[in-house]
Every structure is written in structure tokens, then in C-alpha cells.
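One file, work08.cif, is given below (mmCIF, C-alpha atoms and all ligand atoms).
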data_my_file
#
loop_
_atom_site.label_atom_id
_atom_site.label_comp_id
_atom_site.auth_asym_id
_atom_site.auth_seq_id
_atom_site.Cartn_x
_atom_site.Cartn_y
_atom_site.Cartn_z
CA MET B 73 124.46 22.12 242.34
CA SER B 74 124.84 19.14 244.59
CA PHE B 75 126.92 16.30 243.33
CA ILE B 76 125.94 12.70 243.82
CA ASN B 77 128.48 9.92 243.50
CA LEU B 78 126.53 6.73 242.90
CA LYS B 79 129.62 4.57 243.05
CA GLU B 80 130.77 5.56 246.49
CA LYS B 81 127.32 6.69 247.61
CA ILE B 82 128.36 10.18 248.59
CA VAL B 83 126.23 13.31 248.25
CA GLN B 84 128.02 16.66 248.32
CA ILE B 85 125.91 19.65 249.23
CA LYS B 86 127.03 23.28 249.07
CA ILE B 87 125.64 25.64 251.68
CA VAL B 88 126.67 29.29 251.64
CA TYR B 89 126.46 31.77 254.53
CA TYR B 90 125.69 35.13 252.92
CA GLY B 91 125.15 38.60 254.39
CA PRO B 92 126.53 42.08 255.04
CA GLY B 93 130.14 42.65 256.12
CA ARG B 94 130.91 41.96 259.79
CA GLY B 95 127.50 40.34 260.23
CA GLY B 96 128.95 37.18 261.77
CA LYS B 97 129.16 34.64 258.93
CA THR B 98 132.70 33.55 259.74
CA THR B 99 131.83 33.46 263.45
CA ASN B 100 129.00 30.99 262.66
CA LEU B 101 131.44 28.62 260.97
CA GLU B 102 134.01 29.03 263.73
CA TYR B 103 131.41 28.04 266.30
CA ILE B 104 130.32 25.02 264.25
CA ASN B 105 133.97 24.03 263.85
CA ARG B 106 134.52 24.09 267.62
CA LYS B 107 131.23 22.58 268.66
CA PHE B 108 130.96 19.73 266.17
CA ASN B 109 134.62 18.77 265.91
CA LYS B 110 133.70 15.07 265.75
CA GLN B 111 131.88 15.60 262.49
CA ILE B 112 134.65 17.64 260.93
CA GLN B 113 137.55 15.74 259.49
CA SER B 114 139.69 18.56 258.20
CA GLU B 115 140.83 22.04 259.03
CA MET B 116 138.65 25.03 258.36
CA VAL B 117 140.05 26.95 255.42
CA SER B 118 139.86 30.75 255.73
CA LEU B 119 141.03 33.07 253.01
CA LYS B 120 141.14 36.38 254.85
CA THR B 121 142.86 39.74 255.10
CA HIS B 122 145.23 40.67 257.92
CA GLY B 123 142.32 42.35 259.65
CA ASP B 124 140.43 39.03 259.79
CA ARG B 125 137.89 40.04 257.17
CA THR B 126 136.96 37.34 254.71
CA LEU B 127 138.75 37.98 251.43
CA PHE B 128 137.42 35.10 249.34
CA PHE B 129 135.66 32.49 251.46
CA ASP B 130 135.75 30.26 254.51
CA PHE B 131 135.30 26.56 253.89
CA LEU B 132 134.27 23.89 256.38
CA PRO B 133 133.34 20.33 255.35
CA PHE B 134 130.79 18.83 257.71
CA ASP B 135 129.94 15.11 257.80
CA MET B 136 126.28 14.54 258.46
CA GLY B 137 126.29 10.76 258.50
CA LYS B 138 124.06 8.67 256.26
CA ILE B 139 120.62 9.28 254.85
CA LYS B 140 119.09 6.35 252.98
CA GLY B 141 122.50 4.76 252.60
CA TYR B 142 124.11 7.89 251.20
CA GLU B 143 126.93 9.62 253.02
CA MET B 144 126.08 13.32 253.25
CA LYS B 145 128.98 15.70 252.95
CA ILE B 146 127.87 19.21 253.74
CA GLN B 147 130.27 21.84 252.41
CA LEU B 148 129.85 25.07 254.33
CA TYR B 149 131.09 28.30 252.77
CA THR B 150 130.94 31.97 253.71
CA VAL B 151 131.17 34.85 251.27
CA PRO B 152 133.10 38.06 251.90
CA GLY B 153 130.51 40.59 253.04
CA GLN B 154 132.33 43.82 252.21
CA VAL B 155 130.57 45.78 249.48
CA LYS B 156 133.64 45.91 247.22
CA TYR B 157 133.93 42.14 246.98
CA ASN B 158 130.82 41.36 244.96
CA ALA B 159 132.77 39.71 242.14
CA THR B 160 134.23 37.13 244.52
CA ARG B 161 130.92 36.83 246.37
CA LYS B 162 129.34 35.74 243.12
CA LEU B 163 132.05 33.15 242.47
CA VAL B 164 131.37 31.52 245.83
CA LEU B 165 127.64 31.30 245.04
CA LYS B 166 128.31 29.18 241.99
CA GLY B 167 126.49 25.87 242.33
CA VAL B 168 124.95 26.72 245.71
CA ASP B 169 122.28 24.34 247.08
CA GLY B 170 121.18 26.21 250.20
CA ILE B 171 121.75 29.64 251.76
CA VAL B 172 121.84 31.05 255.28
CA PHE B 173 121.38 34.80 255.19
CA VAL B 174 123.11 36.24 258.27
CA ALA B 175 121.63 39.64 259.04
CA ASP B 176 123.16 41.96 261.63
CA ALA B 177 120.37 42.81 264.07
CA GLN B 178 121.92 46.10 265.18
CA GLU B 179 119.70 49.07 264.43
CA GLN B 180 122.44 50.86 262.50
CA MET B 181 122.73 47.89 260.13
CA ARG B 182 119.13 47.98 258.94
CA GLU B 183 119.84 49.44 255.49
CA LYS B 184 122.87 47.21 254.92
CA ASN B 185 120.90 44.03 255.57
CA ILE B 186 118.28 45.01 253.01
CA ARG B 187 120.87 45.99 250.43
CA SER B 188 122.78 42.74 250.91
CA LEU B 189 119.62 40.65 250.53
CA ASN B 190 118.70 42.53 247.34
CA GLN B 191 122.15 41.84 245.96
CA LEU B 192 121.77 38.16 246.81
CA TYR B 193 118.60 38.17 244.72
CA GLU B 194 120.51 39.75 241.80
CA ASN B 195 123.52 37.45 242.15
CA LEU B 196 121.35 34.34 242.14
CA LYS B 197 119.53 35.64 239.10
CA SER B 198 122.83 35.83 237.23
CA TYR B 199 123.08 32.06 237.72
CA LYS B 200 119.43 31.64 236.69
CA GLN B 201 118.49 30.71 240.23
CA SER B 202 115.64 32.31 242.13
CA ILE B 203 115.82 33.41 245.73
CA PHE B 204 112.21 32.24 246.00
CA ASN B 205 113.02 28.65 245.06
CA ILE B 206 116.33 28.00 246.73
CA PRO B 207 116.39 26.61 250.30
CA LEU B 208 116.99 29.66 252.49
CA VAL B 209 117.11 30.39 256.22
CA LEU B 210 117.39 33.85 257.77
CA GLN B 211 119.46 34.45 260.87
CA TYR B 212 119.13 37.66 262.91
CA ASN B 213 122.53 37.70 264.53
CA LYS B 214 124.10 39.54 267.47
CA VAL B 215 120.99 39.63 269.66
CA ASP B 216 123.33 39.22 272.66
CA LEU B 217 124.22 42.90 272.24
CA ARG B 218 120.79 43.75 273.63
CA ASN B 219 122.18 42.99 277.09
CA GLN B 220 124.87 45.59 276.59
CA GLY B 221 122.32 48.27 275.86
CA ILE B 222 123.14 48.41 272.17
CA PRO B 223 120.03 49.18 270.08
CA ILE B 224 118.86 45.97 268.42
CA LEU B 225 116.06 45.83 265.88
CA PRO B 226 112.96 44.01 267.12
CA THR B 227 112.49 40.71 265.33
CA SER B 228 109.14 41.92 263.99
CA VAL B 229 110.96 44.73 262.15
CA LEU B 230 113.58 42.38 260.74
CA GLU B 231 110.85 40.02 259.62
CA LYS B 232 109.05 42.84 257.88
CA ASP B 233 112.24 44.17 256.24
CA LEU B 234 113.66 40.87 255.08
CA ASN B 235 111.13 38.08 255.29
CA SER B 236 107.76 39.53 254.31
CA LYS B 237 107.97 38.22 250.76
CA LEU B 238 110.32 35.27 251.26
CA LYS B 239 108.48 33.71 254.21
CA VAL B 240 111.31 31.33 255.06
CA PRO B 241 112.37 29.98 258.48
CA SER B 242 114.21 32.52 260.62
CA PHE B 243 116.13 32.54 263.89
CA GLU B 244 117.35 35.14 266.33
CA ALA B 245 120.92 34.17 267.06
CA SER B 246 124.26 34.98 268.56
CA ALA B 247 127.10 33.47 266.61
CA LEU B 248 129.47 34.56 269.35
CA THR B 249 127.76 32.54 272.10
CA GLY B 250 126.39 29.88 269.74
CA TYR B 251 122.76 30.70 270.50
CA HIS B 252 120.67 29.21 267.66
CA VAL B 253 123.75 28.53 265.54
CA PRO B 254 123.15 24.73 265.49
CA GLU B 255 119.40 25.30 264.94
CA THR B 256 120.14 27.48 261.92
CA LEU B 257 122.49 24.87 260.54
CA LYS B 258 120.08 21.99 261.11
CA LYS B 259 117.26 23.87 259.46
CA ILE B 260 119.20 24.74 256.31
CA ILE B 261 120.56 21.20 256.01
CA SER B 262 117.12 19.64 256.31
CA SER B 263 115.52 22.11 253.84
CA THR B 264 118.34 21.50 251.37
CA VAL B 265 118.25 17.72 251.67
CA VAL B 266 114.47 17.75 251.11
CA SER B 267 114.84 19.93 248.02
CA ILE B 268 117.56 17.69 246.58
CA GLN B 269 115.47 14.57 247.19
CA LYS B 270 112.59 16.21 245.35
CA LYS B 271 114.81 17.01 242.38
CA LEU B 272 115.98 13.42 242.19
CA LEU B 273 112.54 11.85 242.26
CA MET A 393 126.16 13.05 230.62
CA ASN A 394 123.51 13.87 233.15
CA TYR A 395 125.69 16.26 235.06
CA GLY A 396 125.02 16.22 238.79
CA VAL A 397 124.59 12.48 238.88
CA VAL A 398 127.19 10.28 237.25
CA SER A 399 126.50 6.58 236.93
CA GLN A 400 128.62 4.03 238.68
CA GLU A 401 129.66 2.61 235.35
CA GLN A 402 130.78 6.00 234.02
CA LEU A 403 132.78 6.67 237.16
CA GLU A 404 134.50 3.31 236.97
CA LYS A 405 135.50 3.98 233.38
CA ILE A 406 136.75 7.44 234.24
CA ASP A 407 138.78 6.03 237.13
CA GLU A 408 140.30 3.47 234.76
CA ILE A 409 141.31 6.19 232.31
CA LEU A 410 142.84 8.30 235.09
CA THR A 411 144.81 5.36 236.45
CA GLU A 412 145.98 4.23 233.04
CA LYS A 413 146.92 7.62 231.63
CA LEU A 414 148.09 9.56 234.68
CA ILE A 415 148.71 7.54 237.83
CA LYS A 416 150.72 4.94 235.88
CA ILE A 417 153.10 7.57 234.48
CA GLY A 418 153.85 8.77 238.01
CA VAL A 419 151.24 11.42 238.83
CA ASP A 420 150.72 11.45 242.62
CA CYS A 421 147.12 12.45 242.69
CA VAL A 422 144.46 13.41 240.16
CA ILE A 423 141.10 14.97 240.94
CA ILE A 424 138.13 15.87 238.78
CA ILE A 425 136.02 18.64 240.28
CA ASP A 426 133.17 20.81 239.12
CA MET A 427 133.25 24.60 239.15
CA ALA A 428 131.26 24.66 242.39
CA GLY A 429 134.05 22.80 244.19
CA ASN A 430 132.44 19.35 244.33
CA ILE A 431 134.62 16.31 243.80
CA ILE A 432 133.57 14.07 240.94
CA THR A 433 136.34 11.59 241.52
CA ALA A 434 139.81 11.42 243.01
CA LYS A 435 142.60 8.91 242.37
CA ASP A 436 146.00 8.72 243.96
CA ASN A 437 149.05 6.51 243.86
CA GLY A 438 148.31 5.17 247.33
CA THR A 439 151.14 7.00 249.07
CA SER A 440 150.10 10.63 248.90
CA LYS A 441 147.37 11.75 251.29
CA TYR A 442 145.85 15.10 250.52
CA ASP A 443 142.76 16.66 252.05
CA VAL A 444 140.90 16.47 248.75
CA TYR A 445 137.74 18.27 249.89
CA SER A 446 139.53 21.42 251.00
CA PHE A 447 141.71 21.12 247.95
CA ALA A 448 138.69 21.03 245.65
CA ALA A 449 137.14 24.12 247.26
CA LEU A 450 140.36 26.07 246.88
CA ALA A 451 141.05 24.82 243.37
CA ALA A 452 137.59 25.81 242.14
CA GLY A 453 138.09 29.25 243.69
CA ASN A 454 141.52 29.58 242.16
CA PHE A 455 140.31 28.58 238.72
CA ALA A 456 137.27 30.85 238.90
CA THR A 457 139.44 33.80 239.94
CA VAL A 458 141.93 33.35 237.13
CA ASP A 459 139.08 32.88 234.67
CA ALA A 460 137.44 36.12 235.82
CA MET A 461 140.78 37.92 235.46
CA ALA A 462 141.16 36.59 231.92
CA LYS A 463 137.75 38.02 230.99
CA LEU A 464 138.73 41.40 232.48
CA VAL A 465 141.73 41.69 230.18
CA GLY A 466 139.70 40.49 227.19
CA GLU A 467 140.97 36.91 226.99
CA GLU A 468 138.57 34.03 226.46
CA GLU A 469 140.62 32.06 229.00
CA PHE A 470 144.20 31.45 230.13
CA SER A 471 144.79 28.00 228.79
CA LEU A 472 147.68 26.97 231.00
CA LEU A 473 147.32 26.96 234.75
CA PHE A 474 150.31 25.55 236.47
CA HIS A 475 151.85 25.97 239.93
CA LYS A 476 155.42 24.90 240.43
CA GLY A 477 156.94 23.91 243.77
CA THR A 478 160.10 22.13 244.87
CA ASP A 479 158.52 18.75 245.48
CA CYS A 480 155.01 19.12 244.19
CA ASN A 481 153.53 20.72 241.11
CA ILE A 482 149.89 21.29 240.31
CA HIS A 483 148.42 21.39 236.84
CA PHE A 484 144.84 22.49 236.03
CA SER A 485 143.02 21.66 232.85
CA LYS A 486 139.48 22.40 231.79
CA ILE A 487 137.49 19.37 230.60
CA ASP A 488 134.44 21.43 229.65
CA ASP A 489 132.55 24.43 231.00
CA GLU A 490 131.66 22.60 234.18
CA LEU A 491 134.58 20.31 234.96
CA LEU A 492 138.25 20.61 235.81
CA LEU A 493 141.00 18.02 235.87
CA ILE A 494 143.74 18.64 238.41
CA SER A 495 146.99 16.71 238.53
CA MET A 496 149.55 16.80 241.31
CA PHE A 497 152.97 15.48 240.42
CA GLY A 498 156.60 15.54 241.55
CA LYS A 499 159.93 16.20 239.88
CA ASP A 500 160.08 12.93 237.96
CA ILE A 501 157.66 14.01 235.25
CA SER A 502 158.19 16.88 232.84
CA LEU A 503 155.41 19.37 232.31
CA GLY A 504 155.37 18.60 228.59
CA PHE A 505 154.88 14.88 229.12
CA LEU A 506 152.19 15.51 231.67
CA ARG A 507 150.31 17.89 229.39
CA LEU A 508 150.37 15.39 226.58
CA ASN A 509 148.83 12.75 228.82
CA VAL A 510 146.30 15.17 230.24
CA VAL A 511 145.11 16.05 226.74
CA GLU A 512 144.67 12.36 225.90
CA THR A 513 142.89 11.72 229.19
CA ILE A 514 140.41 14.49 228.51
CA GLU A 515 139.78 13.26 224.98
CA GLN A 516 138.99 9.80 226.29
CA ILE A 517 136.70 11.11 229.02
CA LYS A 518 134.82 13.26 226.52
CA LYS A 519 134.40 10.30 224.18
CA LEU A 520 132.97 8.29 227.03
CA TRP A 521 130.33 10.94 227.71
CA ALA A 522 129.55 11.42 224.06
CA ARG A 523 128.77 7.75 223.80
CA ASP A 524 126.44 7.52 226.80
N1 LIG N 601 128.38 40.59 270.07
C1 LIG N 601 128.45 39.79 268.98
N2 LIG N 601 129.47 39.95 268.12
C2 LIG N 601 129.51 39.13 267.05
C3 LIG N 601 128.54 38.12 266.82
N3 LIG N 601 128.86 37.47 265.69
C4 LIG N 601 129.98 38.05 265.22
N4 LIG N 601 130.40 39.04 266.03
C5 LIG N 601 131.59 39.89 265.89
O1 LIG N 601 131.44 40.66 264.72
C6 LIG N 601 132.69 40.80 264.05
C7 LIG N 601 132.60 40.31 262.61
O2 LIG N 601 132.30 38.92 262.61
P1 LIG N 601 132.68 37.97 261.38
O3 LIG N 601 132.17 36.63 261.70
O4 LIG N 601 134.10 38.11 261.02
O5 LIG N 601 131.79 38.67 260.25
P2 LIG N 601 131.67 38.27 258.71
O6 LIG N 601 130.21 38.30 258.39
O7 LIG N 601 132.39 37.01 258.45
O8 LIG N 601 132.40 39.52 258.04
P3 LIG N 601 133.06 39.58 256.55
O9 LIG N 601 134.01 38.44 256.46
O10 LIG N 601 133.73 40.89 256.44
O11 LIG N 601 131.94 39.46 255.60
C8 LIG N 601 133.70 40.02 264.88
O12 LIG N 601 134.37 40.92 265.72
C9 LIG N 601 132.84 39.06 265.68
O13 LIG N 601 133.42 38.71 266.90
C10 LIG N 601 127.48 37.99 267.78
O14 LIG N 601 126.59 37.16 267.68
N5 LIG N 601 127.49 38.86 268.82
MG MG N 602 133.88 36.52 257.17
#
Output the structure of this file as C-alpha cells.
Amino acid sequence: MSFINLKEKIVQIKIVYYGPGRGGKTTNLEYINRKFNKQIQSEMVSLKTHGDRTLFFDFLPFDMGKIKGYEMKIQLYTVPGQVKYNATRKLVLKGVDGIVFVADAQEQMREKNIRSLNQLYENLKSYKQSIFNIPLVLQYNKVDLRNQGIPILPTSVLEKDLNSKLKVPSFEASALTGYHVPETLKKIISSTVVSIQKKLL
Amino acid sequence: MNYGVVSQEQLEKIDEILTEKLIKIGVDCVIIIDMAGNIITAKDNGTSKYDVYSFAALAAGNFATVDAMAKLVGEEEFSLLFHKGTDCNIHFSKIDDELLLISMFGKDISLGFLRLNVVETIEQIKKLWARD
């Protein structure tokens, strides 16, 4: 849940990048950290294994400037995607305001994307939140691999697999090159801000 | 308390309590966070400069992890959470199910004295919310 400090006029918003292991969640945050360094006052925090897999979370605070006189502090998190880490994944989701689901567009990852999204549904339910009400954006990542001849799922298939019931905004992306990474971020921030404003009114 | 939005007046009173009970006895920095890692308020003695936002994210994660471990071994909770360093110590205390009070302090204060003051601080904060 977002936290609003009326004294200092600060709104803190928690956005979580969720998705299957090695899908590119951490790479999204790393790109944002490099690209928007003016809006980022502190170091990115990464709790990871020696093999660079996320162990607990990545954390990146992002200053969005002011909306209606309130300073917006966007707190970006990633979860660990590996199947065995669901307990920690759930901890990171606590109090989430908006979610980016990073799917891996490689053909071989089709099942894993679906399973991860189903688990997101379950995990949110355990906090009495519904995947159908929370601000959510889908990202179909790694489309750059198409150029290397690696089989990539057509977007229509990904949409059918993941977005046929949710019907939320979605982007093809490449976290590695940054393609549609800022667009994904902007979309989730604006959806989340709108939903928080609604709750306050 | 309408958790999620705290009034300016409530925050000012909380800040007063934190200053009076903790900063004045020599605590370097005290932060109240929620379990999601948001900062409710932060007070320091003016000399220490911590990156409180990263700190809050890590602290919430740390607390949540230890809490989950407690449940696994059949404990309701581990009541004392304390990290000891050479120059800086960190003490965690639960205010209620949603909020944590974190104190950072040096070698000049004993853990016992700090805990006593933390307990009183939390009592005062709870009274404040009960009243509103
Ligand atoms: N070609 C390509 N590789 C990518 C892209 N995004 C991420 N990768 C690579 O995929 C691997 C995993 O990326 P991470 O960002 O660590 O994945 P993650 O989702 O954080 O993984 P976990 O922390 O285990 O959940 C790394 O080797 C990245 O360089 C992309 O858009 N294109
Ligand atoms: Mg990662």
C-alpha cells in the first residue's frame, strides 16, 4: 500500500517487477538505473547470489517529481524468479501498488510464463488483493533475440496466453537494449498514480 | 489511525516523541517504517546521514524474513532483533502488525537503556493513535 506523508507532501509508491527466472526483471532495473541517473538519488540495492540471480530483491528508488504538489517517490522492486524462492517472492509483494509482469518471449519459456502468472494470482490472493484490480502492465521481453534466429513467440500468442482475461497494457521489449523499458515504466507509474488518486477521492 | 495516510498533526506529535525519547538520549537515527518498506517518518541527530529509503527496503525485508523463520520453527515471533557493530548498532521493534521502529545508535548507549526508551516511545505512539 502506498504511503502518503501529508506533512512533507511525499507519496511513496511500491512497484514490483514480477516474472519467471531469468526473464529480465533485474535487467529492466539496471537499464532504468543507467538511463535515468538524474532521477535516482541512491545506489541500486541488489540482494543476489554469486551467479547474479536475484536472491531476495533488487531495489531502486526513482524520483518522479511533483504531481499536484506532492513529491512522488517510486520504489521499484524485483522479485527472485526462481521457482524455489516463492516464500521470498511473496514477502516482496507485501504492500505492492503496481506490477510489471516480465514474460520471457522465447518459445521454450511459454509454460514458465503462464505458471509464473498463475502464481502471481495466488500470491496476491494471499494478501487479499486481486490481479484483476491491481495496476498491471505486461512486458514481453527479449524480442531482440529474434534477430539471432532464436525462436520467439509471436505477440499474438503471448497475448492469448497471458492477457486474454486480464486485458491490461502490454509491450514487446528488450531490457538489454532498453527497447520499451521506459515505456513500460511510464505506463505502470501512470496506471498506479491514477489508481491511488481514485482511492484517495 | 487511518493507516496509509497519517495526518500532519499526528506526524508532528510522533516526531516530538521520537526526538524527546530517543534522539535526546543519544540515538543517531530513528525510522518508523511499514512492513512494505515505506517510510512513515525519520529523525536523526543532524550529523548522521543514512540513505533512509534503501535502509527501509532492506529493514522491511530483514524483519519479514526473520518473522517467517520464527513461524517455521513454531514461534509467534522473535521479540528481540538487534544487530551489533563496532560503531553502529541497529535495534528493531514492532509497534503493531504494520509498523516497525528502528533505532541506530553508537557505543555510548547500552542496549538495556535503549530498549527501555523504545518501549516507552511505542507506548506513547500507541496512545496517540488510540486517542485520534
Ligand atoms: N537477449 C536478451 N537477453 C536479456 C534480456 N533481458 C535480460 N537478458 C539476459 O537474461 C539473463 C537474466 O536476466 P536477469 O535480468 O538477471 O533476469 P531476472 O528476471 O532478474 O532473473 P531472476 O533474478 O533469477 O529472477 C541475463 O543474462 C540478461 O543479460 C533481453 O531483453 N534480451
Ligand atoms: Mg533478478
Counting only C-alpha atoms, chain A residues within 9 Å of chain B, as an MDAnalysis selection string: chainID A and resid 395:401 403:404 426:433 443 445:446 449:450 453 456:457 460
Protein and nucleic residues near ligand MG 602 (chain N), 8 Å, all atoms listed in the file, as a tab-separated table (two decimals) with C-alpha atoms, in the frame of the given file:
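Output file selection11.tsv follows:
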chain	number	residue	atom	x	y	z
B	93	GLY	CA	130.14	42.65	256.12
B	94	ARG	CA	130.91	41.96	259.79
B	96	GLY	CA	128.95	37.18	261.77
B	97	LYS	CA	129.16	34.64	258.93
B	98	THR	CA	132.70	33.55	259.74
B	99	THR	CA	131.83	33.46	263.45
B	120	LYS	CA	141.14	36.38	254.85
B	124	ASP	CA	140.43	39.03	259.79
B	125	ARG	CA	137.89	40.04	257.17
B	126	THR	CA	136.96	37.34	254.71
B	127	LEU	CA	138.75	37.98	251.43
B	129	PHE	CA	135.66	32.49	251.46
B	130	ASP	CA	135.75	30.26	254.51
B	150	THR	CA	130.94	31.97	253.71
B	151	VAL	CA	131.17	34.85	251.27
B	152	PRO	CA	133.10	38.06	251.90
B	153	GLY	CA	130.51	40.59	253.04
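The coordinates place atom CA of Val266 of chain B at 25.0 Å from atom CA of Ala448 of chain A.
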Around all the atoms of ligand LIG 601 (chain N) listed in the file, draw an axis-aligned box and extend it by 8 Å on each of the six sides; I want its centre and edge lengths in Å to one decimal, as AutoDock Vina command-line options.
--center_x 130.5 --center_y 38.8 --center_z 262.8 --size_x 23.8 --size_y 20.3 --size_z 30.5
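You can rank A:Val465, A:Leu410, A:Leu473, A:Ala434 by their closest distance to Leu503 of chain A using all atoms listed in the file, and at the top of that list sits A:Leu473.
Taking atom CA of Thr411 of chain A as the reference point, atom CA of Leu491 of chain A is found at 18.2 Å.
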Near Leu492 of chain A, counting all atoms listed in the file, which residues have an atom at most 9 Å away, once you skip same-chain residues fewer than 5 positions from it, shown as a count of residues only? 11
Can you pull segment 142-188 of chain B out of that block with C-alpha atoms and hand it back as a PDB file, in the first residue's frame?
ATOM      1  CA  TYR B 142       3.148  16.001  -3.890  1.00  0.00           C
ATOM      2  CA  GLU B 143       6.622  14.610  -4.376  1.00  0.00           C
ATOM      3  CA  MET B 144       6.298  11.154  -5.925  1.00  0.00           C
ATOM      4  CA  LYS B 145       8.814   8.586  -4.775  1.00  0.00           C
ATOM      5  CA  ILE B 146       8.536   5.466  -6.869  1.00  0.00           C
ATOM      6  CA  GLN B 147      10.113   2.439  -5.204  1.00  0.00           C
ATOM      7  CA  LEU B 148      10.984  -0.166  -7.807  1.00  0.00           C
ATOM      8  CA  TYR B 149      11.498  -3.758  -6.688  1.00  0.00           C
ATOM      9  CA  THR B 150      12.130  -7.055  -8.451  1.00  0.00           C
ATOM     10  CA  VAL B 151      11.304 -10.461  -7.052  1.00  0.00           C
ATOM     11  CA  PRO B 152      13.519 -13.530  -7.376  1.00  0.00           C
ATOM     12  CA  GLY B 153      12.085 -15.517 -10.279  1.00  0.00           C
ATOM     13  CA  GLN B 154      13.472 -18.957  -9.467  1.00  0.00           C
ATOM     14  CA  VAL B 155      10.715 -21.428  -8.617  1.00  0.00           C
ATOM     15  CA  LYS B 156      12.186 -22.326  -5.224  1.00  0.00           C
ATOM     16  CA  TYR B 157      12.025 -18.762  -3.933  1.00  0.00           C
ATOM     17  CA  ASN B 158       8.274 -18.323  -3.680  1.00  0.00           C
ATOM     18  CA  ALA B 159       8.367 -17.569   0.046  1.00  0.00           C
ATOM     19  CA  THR B 160      10.628 -14.569  -0.508  1.00  0.00           C
ATOM     20  CA  ARG B 161       8.723 -13.600  -3.655  1.00  0.00           C
ATOM     21  CA  LYS B 162       5.625 -13.264  -1.527  1.00  0.00           C
ATOM     22  CA  LEU B 163       7.406 -11.107   1.044  1.00  0.00           C
ATOM     23  CA  VAL B 164       8.422  -8.639  -1.654  1.00  0.00           C
ATOM     24  CA  LEU B 165       4.819  -8.388  -2.872  1.00  0.00           C
ATOM     25  CA  LYS B 166       3.664  -7.160   0.504  1.00  0.00           C
ATOM     26  CA  GLY B 167       2.025  -3.760   0.119  1.00  0.00           C
ATOM     27  CA  VAL B 168       2.502  -3.620  -3.660  1.00  0.00           C
ATOM     28  CA  ASP B 169       0.741  -0.809  -5.565  1.00  0.00           C
ATOM     29  CA  GLY B 170       1.545  -1.752  -9.155  1.00  0.00           C
ATOM     30  CA  ILE B 171       3.094  -4.701 -11.001  1.00  0.00           C
ATOM     31  CA  VAL B 172       5.078  -5.176 -14.192  1.00  0.00           C
ATOM     32  CA  PHE B 173       4.936  -8.790 -15.291  1.00  0.00           C
ATOM     33  CA  VAL B 174       8.101  -9.510 -17.287  1.00  0.00           C
ATOM     34  CA  ALA B 175       7.491 -12.507 -19.527  1.00  0.00           C
ATOM     35  CA  ASP B 176      10.304 -14.191 -21.446  1.00  0.00           C
ATOM     36  CA  ALA B 177       9.235 -14.213 -25.094  1.00  0.00           C
ATOM     37  CA  GLN B 178      11.386 -17.206 -26.033  1.00  0.00           C
ATOM     38  CA  GLU B 179       9.336 -20.118 -27.297  1.00  0.00           C
ATOM     39  CA  GLN B 180      10.821 -22.510 -24.754  1.00  0.00           C
ATOM     40  CA  MET B 181       9.628 -20.260 -21.918  1.00  0.00           C
ATOM     41  CA  ARG B 182       5.944 -20.418 -22.818  1.00  0.00           C
ATOM     42  CA  GLU B 183       4.900 -22.746 -19.982  1.00  0.00           C
ATOM     43  CA  LYS B 184       7.027 -20.934 -17.399  1.00  0.00           C
ATOM     44  CA  ASN B 185       5.424 -17.573 -18.152  1.00  0.00           C
ATOM     45  CA  ILE B 186       1.955 -18.999 -17.643  1.00  0.00           C
ATOM     46  CA  ARG B 187       2.922 -20.761 -14.441  1.00  0.00           C
ATOM     47  CA  SER B 188       4.549 -17.630 -13.038  1.00  0.00           C
TER      48      SER B 188
END
